[in-house]
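To keep things clear, I will list the structure first and then write my remarks on it.
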Amino acid sequence: MSLLNKIWGSALFGLCLVPPVPAQNSPKPTDLADKSIEDLMNIEVTSVSKTEQKMSQAAAAIFVITQEDIRRSGVLNIQDLLRMVPGLDVSQINANQWAISSRGFNTQFVNKMLVLIDGRAVYTPLLGGVNWDTQDVPLEDIDRIEVIRGPGATLWGANAVNGVINVTTKRPADTRGGLISASGGTEKQELSTVQYGGTILANTSYRVFTKHINHDSLPETDGSNGTDGWHLLHGGFRADTNIRQSDYLTLQGDLYTGNEGATIVHVFSIDPPNTDFLDTRVGLSGGNLLGRWNHNFSSRSDTSFQFYFDNNRRTGPSALETGNALDFEFNHHVVAGEHEDIVWGVGYRRTWDRTQGTIDQAFTPSDKALQLFNSFVQDTFTLDPNQLFLTVGTKLEHFDYGGFGIEPSARLTWTPSSRQTYWAAVSRANRSPARRDEGLEAALGAFPDPGGSTTPLEVIVFGNPQIKPEHILAYEAGFRAQPNARFSIDIAAFYNRYTNLVSLEPEPQVFEASPPPARFVAPIVFRNELNGSTAGGEIAANLKVTNRWTVSPSYALLKMHLHTDSGSQDTISVPDYEGSNPQHQAQLRSHVELHHGLEWDAAAYFVSSLPFQQVAPYARLDTQLRWKAGERLEFSLVGQNLLRDHHLESLDFLTLVNSSLVKRKAYGRMSLLF
């Protein structure tokens, strides 16, 4: 880093901590910045119990990103927005891929983190994880994002192992009128959104939108062009109808198309052995349709029925992946007497896919359908009115991989006063195998035979039809306090025990003459021979220094201790997992209300090193100057990664694409409501 960059970064970091002197007669702010910290901590959340409850009383490590947080962040996508969540590890791999997880096990396809958008699970059972490049919700339409760190399987099911990210969009009645939003700047990063909402008759509200993303390529680690440019055109709608006072219907859907690039490791030929880098371009397309019916029988009983269909498709020069999902879910919430609050439900999901194998990767069988049946019940007992609550529940699932799974939990909340909350929880969750675990055949490379023969050697990773679900037994505890209207603190600690984790087991070489060419194959097979524990905690605070200046520091600690079974030959997975997740993360966010409609936001982040990936510790500084030119017009100037010209965030050897360097960038943004 040059001396000039150091001075620039230090100055900006210092300025974000010093509030300006307000004008004597400037008007008092009226948005969320003027609310007390206690008001913010009492935001209603639903992800912990599937019923509305105050965030301060939720028996889980939960963080809520509000619409005001989104505006203050200045970011252009959900992925960067999630960086503000304490303990959430967000690593950008290249221009179009991210790895996002909490409390460890972060990879490109994080299989222990469940992501929901308006109740629709976007977890893919083919590779296991989330394709973040197609999760493109207009940020202006998001009402809140609830992030649970820790298991949520009792309500949300398998794969809600280390956390749940639940994105909830606004009702169309709250987005009436038109919206035009556009941004552009360095790195040829451009984004635009056009939206309109209105009413049909007297009881139906709607909105329709279209959004376009254009992101230029980032440089690879050697400085060459990463050819990973990202282009996406996305359109969607939502319509809500009040049939009667007791019935509320929602229908919404999305369609998208686009393409993205990447550099991958490609086996050009086996004999002679030739493994090298290949620039690829992948076509993206898909869509979804969701319907939901909410019915209130009374103030003490309500139900919801939801269905959705999801389709996604990825095409390349010789590759084809098509995935489909059909999901039905019924929930019933009832208040039983004075001391019980019960929610129960049943669900069914069917997924089916079609793939086309290449010399690099194939699935056996190439096409497959999977079914998931589930039911759950959760009961919250009031042991002492307004002070002591016990929530117990369990989920029962049957999946084609792994059979039946039981995911119970117990959560205790004690609120000795309106400004203090103590909570503790113990829960069990499962990670169901994905198609990747069971039927993958992926070539890592072709090489000359180290034994000296002229026959080449091919290293191949194989799935295992006998693979089992992974399990976690989690112990958590936390404390929230609001000593006064200007300060709040949230502390969470955890200890997790993992069993049946997937390991990479090398097996003896075999000679294969068919299909030609003849070669030795060194197989690496997925097995459940890895176990261990993780421990750590997160602490976050909010301090309203003055009526115009708020700071929000946080810190997260993660310790991982894994080991293989006595018969395991895996020497990679333990150092990979333990050395590919940061032990320390810290951040400091600052929001300052200036005068004449100006607001200044800054956020400083620190992430410790990833020794196994040889990723050095890095710090980033983001800042935004926002001007409210009127009730309906806003302008923003945003700078990201200001401390360095570029830095590396991920270099996972199991990532399907080559990593790129995250660049310093600046852009402007305009938003107009009409």
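Here's how to read the names in the structure tokens: chain A, B, ... by the order shown, residue numbers from 1 in each chain, ligand numbers from 1 in the order shown.
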
Within 7 Å of A:Gly74, counting only C-alpha atoms, which residues qualify if same-chain residues fewer than 4 places away don't, as a list in words? Ile70, Gln624 and Val638 of chain A

Can I get the selected residues back with N, CA and C atoms, as a CSV table (one decimal), in the first residue's frame?
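Result file follows (result-v7.csv):
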chain,number,residue,atom,x,y,z
A,70,ILE,N,-30.4,-0.5,4.7
A,70,ILE,CA,-30.1,-0.7,3.3
A,70,ILE,C,-29.7,0.6,2.7
A,624,GLN,N,-20.4,6.5,2.2
A,624,GLN,CA,-21.5,7.0,1.3
A,624,GLN,C,-21.9,8.4,1.8
A,638,VAL,N,-20.7,6.9,-3.5
A,638,VAL,CA,-20.3,5.7,-2.7
A,638,VAL,C,-18.9,5.4,-3.1

Within 9 Å of A:Pro416 using only C-alpha atoms, minus same-chain residues under 2 positions, as a VMD selection string: chain A and resid 386 to 388 414 418 to 422

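Compared by their closest atoms to A:Val48, and using only C-alpha atoms, the residues A:Met113, A:Val282, A:Ile467, A:Val392 rank with A:Val392 nearest.
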
Assign secondary structure with DSSP using the backbone only, and return the residues of stretch 124-341 of chain A in strand (DSSP E) as an NGL selection string. :A and (124 or 129-130 or 142-149 or 163-169 or 177-185 or 190-200 or 204-215 or 230-244 or 247-269 or 274-298 or 301-315 or 320-336 or 340-341)

With only C-alpha atoms as the counted atoms, please give the residues lying no more than 9 Å from A:His295, apart from itself and same-chain residues fewer than 3 positions off, as a ChimeraX atom specification. /A:246-249,301-305

Write the residues of the preceding selection, restricted to N, CA, C and O atoms, as a PDB file, in the first residue's frame.
ATOM      1  N   SER A 246     -60.668 -11.290   6.826  1.00  0.00           N
ATOM      2  CA  SER A 246     -59.938 -12.415   7.407  1.00  0.00           C
ATOM      3  C   SER A 246     -59.055 -13.150   6.409  1.00  0.00           C
ATOM      4  O   SER A 246     -58.361 -14.092   6.795  1.00  0.00           O
ATOM      5  N   ASP A 247     -59.073 -12.764   5.136  1.00  0.00           N
ATOM      6  CA  ASP A 247     -58.319 -13.495   4.124  1.00  0.00           C
ATOM      7  C   ASP A 247     -57.414 -12.550   3.340  1.00  0.00           C
ATOM      8  O   ASP A 247     -57.867 -11.504   2.862  1.00  0.00           O
ATOM      9  N   TYR A 248     -56.158 -12.979   3.195  1.00  0.00           N
ATOM     10  CA  TYR A 248     -55.155 -12.163   2.504  1.00  0.00           C
ATOM     11  C   TYR A 248     -54.408 -13.065   1.540  1.00  0.00           C
ATOM     12  O   TYR A 248     -53.810 -14.073   1.941  1.00  0.00           O
ATOM     13  N   LEU A 249     -54.436 -12.713   0.255  1.00  0.00           N
ATOM     14  CA  LEU A 249     -53.789 -13.507  -0.786  1.00  0.00           C
ATOM     15  C   LEU A 249     -52.587 -12.768  -1.355  1.00  0.00           C
ATOM     16  O   LEU A 249     -52.629 -11.546  -1.553  1.00  0.00           O
ATOM     17  N   SER A 301     -56.233 -17.459  16.413  1.00  0.00           N
ATOM     18  CA  SER A 301     -55.995 -18.590  15.515  1.00  0.00           C
ATOM     19  C   SER A 301     -55.894 -18.097  14.078  1.00  0.00           C
ATOM     20  O   SER A 301     -56.754 -17.351  13.604  1.00  0.00           O
ATOM     21  N   ASP A 302     -54.830 -18.509  13.373  1.00  0.00           N
ATOM     22  CA  ASP A 302     -54.670 -18.146  11.968  1.00  0.00           C
ATOM     23  C   ASP A 302     -53.890 -19.245  11.253  1.00  0.00           C
ATOM     24  O   ASP A 302     -53.144 -20.013  11.870  1.00  0.00           O
ATOM     25  N   THR A 303     -54.066 -19.309   9.941  1.00  0.00           N
ATOM     26  CA  THR A 303     -53.396 -20.312   9.118  1.00  0.00           C
ATOM     27  C   THR A 303     -52.780 -19.640   7.896  1.00  0.00           C
ATOM     28  O   THR A 303     -53.163 -18.531   7.506  1.00  0.00           O
ATOM     29  N   SER A 304     -51.835 -20.350   7.293  1.00  0.00           N
ATOM     30  CA  SER A 304     -51.271 -19.921   6.019  1.00  0.00           C
ATOM     31  C   SER A 304     -50.992 -21.154   5.168  1.00  0.00           C
ATOM     32  O   SER A 304     -50.580 -22.197   5.676  1.00  0.00           O
ATOM     33  N   PHE A 305     -51.257 -20.994   3.870  1.00  0.00           N
ATOM     34  CA  PHE A 305     -50.941 -22.049   2.911  1.00  0.00           C
ATOM     35  C   PHE A 305     -50.122 -21.409   1.799  1.00  0.00           C
ATOM     36  O   PHE A 305     -50.506 -20.372   1.244  1.00  0.00           O
TER      37      PHE A 305
END

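Restricting the calculation to only C-alpha atoms, the smallest distance between A:Asn547 and any of A:Ala485, A:Leu179, A:Leu530, A:Val459 is found for A:Ala485.
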
Using only C-alpha atoms, the best pick from A:Pro456, A:Gly197, A:Gly184, A:Gly87 as closest to A:Leu673 would be A:Gly197

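Once A:Phe653 and its same-chain neighbours fewer than 3 positions away are set aside, Thr107, Asp576, Phe612, Gln613, Ser650, Leu656, Val657, Asn658 and Ser659 of chain A remain within 10 Å of it when counting only C-alpha atoms.
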
Spatial neighbours of A:Ala121, 12 Å, only C-alpha atoms, chain gap at least 3 places, as a compact mmCIF listing (two decimals) with all heavy atoms, in the first residue's frame:
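What landed in part_2.txt:
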# COMPACT_ATOMS: atom_id res chain seq x y z
N MET A 113 -26.27 -23.37 5.40
CA MET A 113 -26.92 -22.08 5.57
C MET A 113 -28.16 -22.05 4.68
O MET A 113 -28.06 -22.20 3.46
CB MET A 113 -25.96 -20.95 5.16
CG MET A 113 -26.37 -19.59 5.64
SD MET A 113 -25.82 -19.31 7.33
CE MET A 113 -26.51 -17.69 7.65
N LEU A 114 -29.33 -21.87 5.28
CA LEU A 114 -30.57 -21.83 4.52
C LEU A 114 -30.93 -20.39 4.20
O LEU A 114 -30.93 -19.53 5.08
CB LEU A 114 -31.71 -22.48 5.31
CG LEU A 114 -33.04 -22.62 4.57
CD1 LEU A 114 -32.92 -23.58 3.39
CD2 LEU A 114 -34.13 -23.09 5.51
N VAL A 115 -31.25 -20.11 2.94
CA VAL A 115 -31.62 -18.77 2.50
C VAL A 115 -33.05 -18.81 1.98
O VAL A 115 -33.40 -19.66 1.14
CB VAL A 115 -30.66 -18.25 1.41
CG1 VAL A 115 -31.07 -16.85 0.96
CG2 VAL A 115 -29.23 -18.24 1.92
N LEU A 116 -33.89 -17.90 2.47
CA LEU A 116 -35.29 -17.80 2.08
C LEU A 116 -35.57 -16.41 1.55
O LEU A 116 -35.07 -15.41 2.09
CB LEU A 116 -36.21 -18.06 3.28
CG LEU A 116 -36.05 -19.39 4.02
CD1 LEU A 116 -36.60 -19.27 5.43
CD2 LEU A 116 -36.78 -20.50 3.28
N ILE A 117 -36.35 -16.33 0.48
CA ILE A 117 -36.84 -15.06 -0.04
C ILE A 117 -38.35 -15.12 -0.07
O ILE A 117 -38.94 -15.87 -0.84
CB ILE A 117 -36.26 -14.78 -1.45
CG1 ILE A 117 -34.74 -14.68 -1.39
CG2 ILE A 117 -36.85 -13.49 -2.02
CD1 ILE A 117 -34.09 -14.45 -2.73
N ASP A 118 -38.98 -14.36 0.82
CA ASP A 118 -40.45 -14.38 0.97
C ASP A 118 -40.97 -15.80 1.16
O ASP A 118 -41.99 -16.20 0.58
CB ASP A 118 -41.12 -13.73 -0.24
CG ASP A 118 -41.07 -12.21 -0.18
OD1 ASP A 118 -41.03 -11.66 0.94
OD2 ASP A 118 -41.05 -11.57 -1.24
N THR A 124 -30.10 -25.02 -3.52
CA THR A 124 -30.14 -25.93 -4.65
C THR A 124 -29.70 -27.33 -4.23
O THR A 124 -28.61 -27.49 -3.66
CB THR A 124 -29.25 -25.45 -5.80
OG1 THR A 124 -29.07 -26.51 -6.75
CG2 THR A 124 -27.88 -25.03 -5.31
N PRO A 125 -30.51 -28.37 -4.46
CA PRO A 125 -30.12 -29.72 -4.07
C PRO A 125 -29.13 -30.37 -5.02
O PRO A 125 -28.68 -31.48 -4.76
CB PRO A 125 -31.46 -30.48 -4.08
CG PRO A 125 -32.29 -29.76 -5.09
CD PRO A 125 -31.88 -28.32 -5.00
N GLY A 129 -26.29 -25.64 -1.68
CA GLY A 129 -25.90 -24.26 -1.42
C GLY A 129 -26.79 -23.29 -2.17
O GLY A 129 -27.91 -23.62 -2.58
N VAL A 130 -26.29 -22.08 -2.36
CA VAL A 130 -27.07 -21.00 -2.95
C VAL A 130 -26.30 -20.42 -4.14
O VAL A 130 -25.10 -20.13 -4.03
CB VAL A 130 -27.35 -19.88 -1.92
CG1 VAL A 130 -28.08 -18.72 -2.57
CG2 VAL A 130 -28.14 -20.43 -0.75
N ASN A 131 -26.96 -20.28 -5.26
CA ASN A 131 -26.40 -19.56 -6.41
C ASN A 131 -26.68 -18.07 -6.20
O ASN A 131 -27.71 -17.54 -6.62
CB ASN A 131 -27.03 -20.05 -7.71
CG ASN A 131 -26.59 -21.45 -8.08
OD1 ASN A 131 -25.41 -21.79 -8.02
ND2 ASN A 131 -27.55 -22.30 -8.43
N GLN A 135 -29.76 -14.32 -7.17
CA GLN A 135 -30.65 -13.84 -6.10
C GLN A 135 -30.62 -12.32 -6.11
O GLN A 135 -29.87 -11.68 -5.40
CB GLN A 135 -30.21 -14.41 -4.74
CG GLN A 135 -29.98 -15.90 -4.72
CD GLN A 135 -31.09 -16.71 -5.35
OE1 GLN A 135 -32.29 -16.40 -5.19
NE2 GLN A 135 -30.75 -17.75 -6.08
N TRP A 156 -37.49 -24.50 10.03
CA TRP A 156 -37.17 -24.34 8.61
C TRP A 156 -36.62 -25.59 7.96
O TRP A 156 -36.49 -25.64 6.74
CB TRP A 156 -36.20 -23.18 8.43
CG TRP A 156 -36.72 -21.90 9.01
CD1 TRP A 156 -36.29 -21.26 10.13
CD2 TRP A 156 -37.80 -21.11 8.51
NE1 TRP A 156 -37.02 -20.12 10.36
CE2 TRP A 156 -37.97 -20.00 9.37
CE3 TRP A 156 -38.65 -21.22 7.40
CZ2 TRP A 156 -38.93 -19.03 9.17
CZ3 TRP A 156 -39.61 -20.24 7.20
CH2 TRP A 156 -39.75 -19.16 8.09
N GLY A 157 -36.24 -26.60 8.75
CA GLY A 157 -35.88 -27.88 8.17
C GLY A 157 -34.40 -28.03 7.88
O GLY A 157 -33.56 -27.23 8.28
N ALA A 158 -34.11 -29.13 7.17
CA ALA A 158 -32.73 -29.51 6.87
C ALA A 158 -31.99 -28.38 6.18
O ALA A 158 -32.57 -27.60 5.42
CB ALA A 158 -32.71 -30.76 6.00
N ASN A 159 -30.70 -28.31 6.47
CA ASN A 159 -29.76 -27.33 5.92
C ASN A 159 -29.80 -26.00 6.65
O ASN A 159 -28.96 -25.14 6.38
CB ASN A 159 -29.95 -27.14 4.42
CG ASN A 159 -29.94 -28.45 3.66
OD1 ASN A 159 -29.11 -29.30 3.91
ND2 ASN A 159 -30.90 -28.63 2.77
N ALA A 160 -30.76 -25.80 7.57
CA ALA A 160 -30.71 -24.64 8.45
C ALA A 160 -29.85 -25.01 9.65
O ALA A 160 -30.30 -25.07 10.79
CB ALA A 160 -32.12 -24.22 8.88
N VAL A 164 -29.86 -19.06 9.23
CA VAL A 164 -30.96 -18.81 8.31
C VAL A 164 -30.90 -17.34 7.90
O VAL A 164 -30.75 -16.46 8.74
CB VAL A 164 -32.34 -19.11 8.94
CG1 VAL A 164 -33.47 -18.78 7.98
CG2 VAL A 164 -32.43 -20.56 9.40
N ILE A 165 -30.98 -17.09 6.60
CA ILE A 165 -31.11 -15.73 6.06
C ILE A 165 -32.50 -15.63 5.46
O ILE A 165 -32.81 -16.33 4.49
CB ILE A 165 -30.03 -15.44 5.00
CG1 ILE A 165 -28.63 -15.54 5.62
CG2 ILE A 165 -30.24 -14.05 4.39
CD1 ILE A 165 -27.51 -15.42 4.61
N ASN A 166 -33.34 -14.79 6.02
CA ASN A 166 -34.75 -14.70 5.62
C ASN A 166 -35.03 -13.29 5.09
O ASN A 166 -35.08 -12.33 5.85
CB ASN A 166 -35.65 -15.01 6.82
CG ASN A 166 -37.11 -15.14 6.43
OD1 ASN A 166 -37.45 -15.15 5.26
ND2 ASN A 166 -37.98 -15.24 7.42
N VAL A 167 -35.17 -13.18 3.77
CA VAL A 167 -35.43 -11.90 3.11
C VAL A 167 -36.93 -11.72 2.94
O VAL A 167 -37.60 -12.57 2.34
CB VAL A 167 -34.73 -11.83 1.74
CG1 VAL A 167 -34.99 -10.48 1.07
CG2 VAL A 167 -33.24 -12.10 1.87
N ASN A 288 -39.62 -18.04 -11.05
CA ASN A 288 -40.37 -18.68 -9.98
C ASN A 288 -41.74 -18.05 -9.88
O ASN A 288 -41.97 -16.92 -10.33
CB ASN A 288 -39.62 -18.55 -8.64
CG ASN A 288 -39.43 -17.10 -8.22
OD1 ASN A 288 -40.34 -16.46 -7.68
ND2 ASN A 288 -38.24 -16.56 -8.49
N LEU A 290 -44.87 -17.84 -6.81
CA LEU A 290 -45.24 -18.14 -5.42
C LEU A 290 -46.63 -17.61 -5.12
O LEU A 290 -46.99 -16.50 -5.52
CB LEU A 290 -44.22 -17.51 -4.46
CG LEU A 290 -44.45 -17.70 -2.96
CD1 LEU A 290 -43.12 -17.85 -2.22
CD2 LEU A 290 -45.24 -16.54 -2.34
N PHE A 307 -47.50 -22.13 -1.73
CA PHE A 307 -46.88 -22.99 -2.73
C PHE A 307 -45.93 -22.14 -3.56
O PHE A 307 -46.09 -20.93 -3.69
CB PHE A 307 -47.92 -23.65 -3.65
CG PHE A 307 -48.38 -22.75 -4.76
CD1 PHE A 307 -47.73 -22.73 -5.99
CD2 PHE A 307 -49.46 -21.89 -4.58
CE1 PHE A 307 -48.15 -21.90 -7.01
CE2 PHE A 307 -49.88 -21.04 -5.60
CZ PHE A 307 -49.23 -21.05 -6.82
N TYR A 308 -44.91 -22.79 -4.13
CA TYR A 308 -44.08 -22.11 -5.11
C TYR A 308 -43.48 -23.11 -6.08
O TYR A 308 -43.31 -24.30 -5.76
CB TYR A 308 -42.98 -21.26 -4.45
CG TYR A 308 -41.90 -22.02 -3.72
CD1 TYR A 308 -40.83 -22.60 -4.41
CD2 TYR A 308 -41.92 -22.12 -2.34
CE1 TYR A 308 -39.82 -23.26 -3.74
CE2 TYR A 308 -40.92 -22.78 -1.66
CZ TYR A 308 -39.87 -23.35 -2.36
OH TYR A 308 -38.88 -24.02 -1.69
N PHE A 309 -43.21 -22.62 -7.27
CA PHE A 309 -42.50 -23.38 -8.29
C PHE A 309 -41.28 -22.58 -8.69
O PHE A 309 -41.36 -21.37 -8.89
CB PHE A 309 -43.38 -23.63 -9.51
CG PHE A 309 -42.63 -24.24 -10.67
CD1 PHE A 309 -42.25 -25.56 -10.66
CD2 PHE A 309 -42.27 -23.45 -11.77
CE1 PHE A 309 -41.54 -26.12 -11.72
CE2 PHE A 309 -41.57 -23.99 -12.84
CZ PHE A 309 -41.20 -25.34 -12.81
N ASP A 310 -40.15 -23.26 -8.80
CA ASP A 310 -38.89 -22.59 -9.11
C ASP A 310 -38.19 -23.35 -10.22
O ASP A 310 -38.13 -24.59 -10.20
CB ASP A 310 -38.01 -22.54 -7.86
CG ASP A 310 -36.84 -21.57 -8.02
OD1 ASP A 310 -36.02 -21.79 -8.92
OD2 ASP A 310 -36.75 -20.62 -7.23
N ALA A 325 -38.12 -27.06 -8.73
CA ALA A 325 -38.62 -27.34 -7.38
C ALA A 325 -40.09 -26.98 -7.30
O ALA A 325 -40.51 -25.93 -7.82
CB ALA A 325 -37.82 -26.57 -6.34
N LEU A 326 -40.88 -27.84 -6.66
CA LEU A 326 -42.29 -27.59 -6.38
C LEU A 326 -42.50 -27.82 -4.90
O LEU A 326 -42.20 -28.90 -4.38
CB LEU A 326 -43.18 -28.51 -7.21
CG LEU A 326 -44.69 -28.31 -7.06
CD1 LEU A 326 -45.11 -26.92 -7.54
CD2 LEU A 326 -45.45 -29.39 -7.82
N ASP A 327 -43.02 -26.81 -4.20
CA ASP A 327 -43.08 -26.86 -2.74
C ASP A 327 -44.47 -26.45 -2.26
O ASP A 327 -45.05 -25.47 -2.76
CB ASP A 327 -42.02 -25.93 -2.15
CG ASP A 327 -41.94 -26.01 -0.65
OD1 ASP A 327 -42.78 -25.41 0.05
OD2 ASP A 327 -41.02 -26.69 -0.15
N PHE A 328 -45.00 -27.19 -1.28
CA PHE A 328 -46.28 -26.86 -0.62
C PHE A 328 -46.04 -26.83 0.89
O PHE A 328 -45.34 -27.69 1.43
CB PHE A 328 -47.36 -27.90 -0.94
CG PHE A 328 -47.71 -27.99 -2.39
CD1 PHE A 328 -47.06 -28.89 -3.21
CD2 PHE A 328 -48.69 -27.17 -2.94
CE1 PHE A 328 -47.37 -28.99 -4.56
CE2 PHE A 328 -49.01 -27.26 -4.28
CZ PHE A 328 -48.35 -28.17 -5.10
N GLU A 329 -46.65 -25.85 1.56
CA GLU A 329 -46.47 -25.73 3.00
C GLU A 329 -47.74 -25.19 3.63
O GLU A 329 -48.34 -24.21 3.15
CB GLU A 329 -45.30 -24.79 3.31
CG GLU A 329 -45.03 -24.59 4.79
CD GLU A 329 -43.88 -23.64 5.03
OE1 GLU A 329 -42.75 -23.97 4.64
OE2 GLU A 329 -44.12 -22.56 5.61
N ARG A 349 -42.02 -31.19 -0.66
CA ARG A 349 -41.21 -30.58 -1.71
C ARG A 349 -40.73 -31.66 -2.67
O ARG A 349 -40.26 -32.71 -2.24
CB ARG A 349 -40.01 -29.84 -1.13
CG ARG A 349 -39.13 -29.14 -2.19
CD ARG A 349 -37.96 -28.43 -1.54
NE ARG A 349 -38.43 -27.49 -0.54
CZ ARG A 349 -37.69 -27.02 0.46
NH1 ARG A 349 -36.44 -27.43 0.58
NH2 ARG A 349 -38.18 -26.17 1.32
N THR A 351 -38.13 -31.98 -6.00
CA THR A 351 -37.14 -31.34 -6.86
C THR A 351 -36.71 -32.34 -7.92
O THR A 351 -36.64 -33.54 -7.67
CB THR A 351 -35.91 -30.89 -6.05
OG1 THR A 351 -35.30 -32.03 -5.43
CG2 THR A 351 -36.29 -29.88 -4.99

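Close contacts of stretch 355-368 of chain A, defined as residues with an atom at most 9 Å away when counting only C-alpha atoms, with chain neighbours fewer than 3 positions off set aside, comprise Val265, His266, Val267, Phe268, Ser269, Ser318, Ala319, Leu320, Glu321, Thr322, Gly323, Thr351, Trp352, Arg435, Arg436, Glu438, Gly439, Leu440, Glu441, Ala442, Ala443, Leu444, Gly445 and Gly463 of chain A.
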
What parts of stretch 382-479 of chain A does DSSP call helix (DSSP H, G or I)? I'd like the answer as a VMD selection string. chain A and resid 435 to 439

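Computed from the coordinates, the atom CA of A:Asp143 to atom CA of A:Val607 distance equals 28.3 Å.
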
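Using only C-alpha atoms, the contacts of A:Ala541 at a cut-off of 9 Å, with sequence neighbours closer than 5 positions omitted, comprise Phe487, Ser488, Ile489, Asp490, Ile491, Val551, Ser552, Pro553 and Ser554 of chain A.
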
One decimal, in Å: what's the spacing between atom CA of A:Ile572 and atom CA of A:Pro506? 10.4 Å

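Going from atom CA of A:Val521 over to atom CA of A:Ala262, you cover 27.3 Å.
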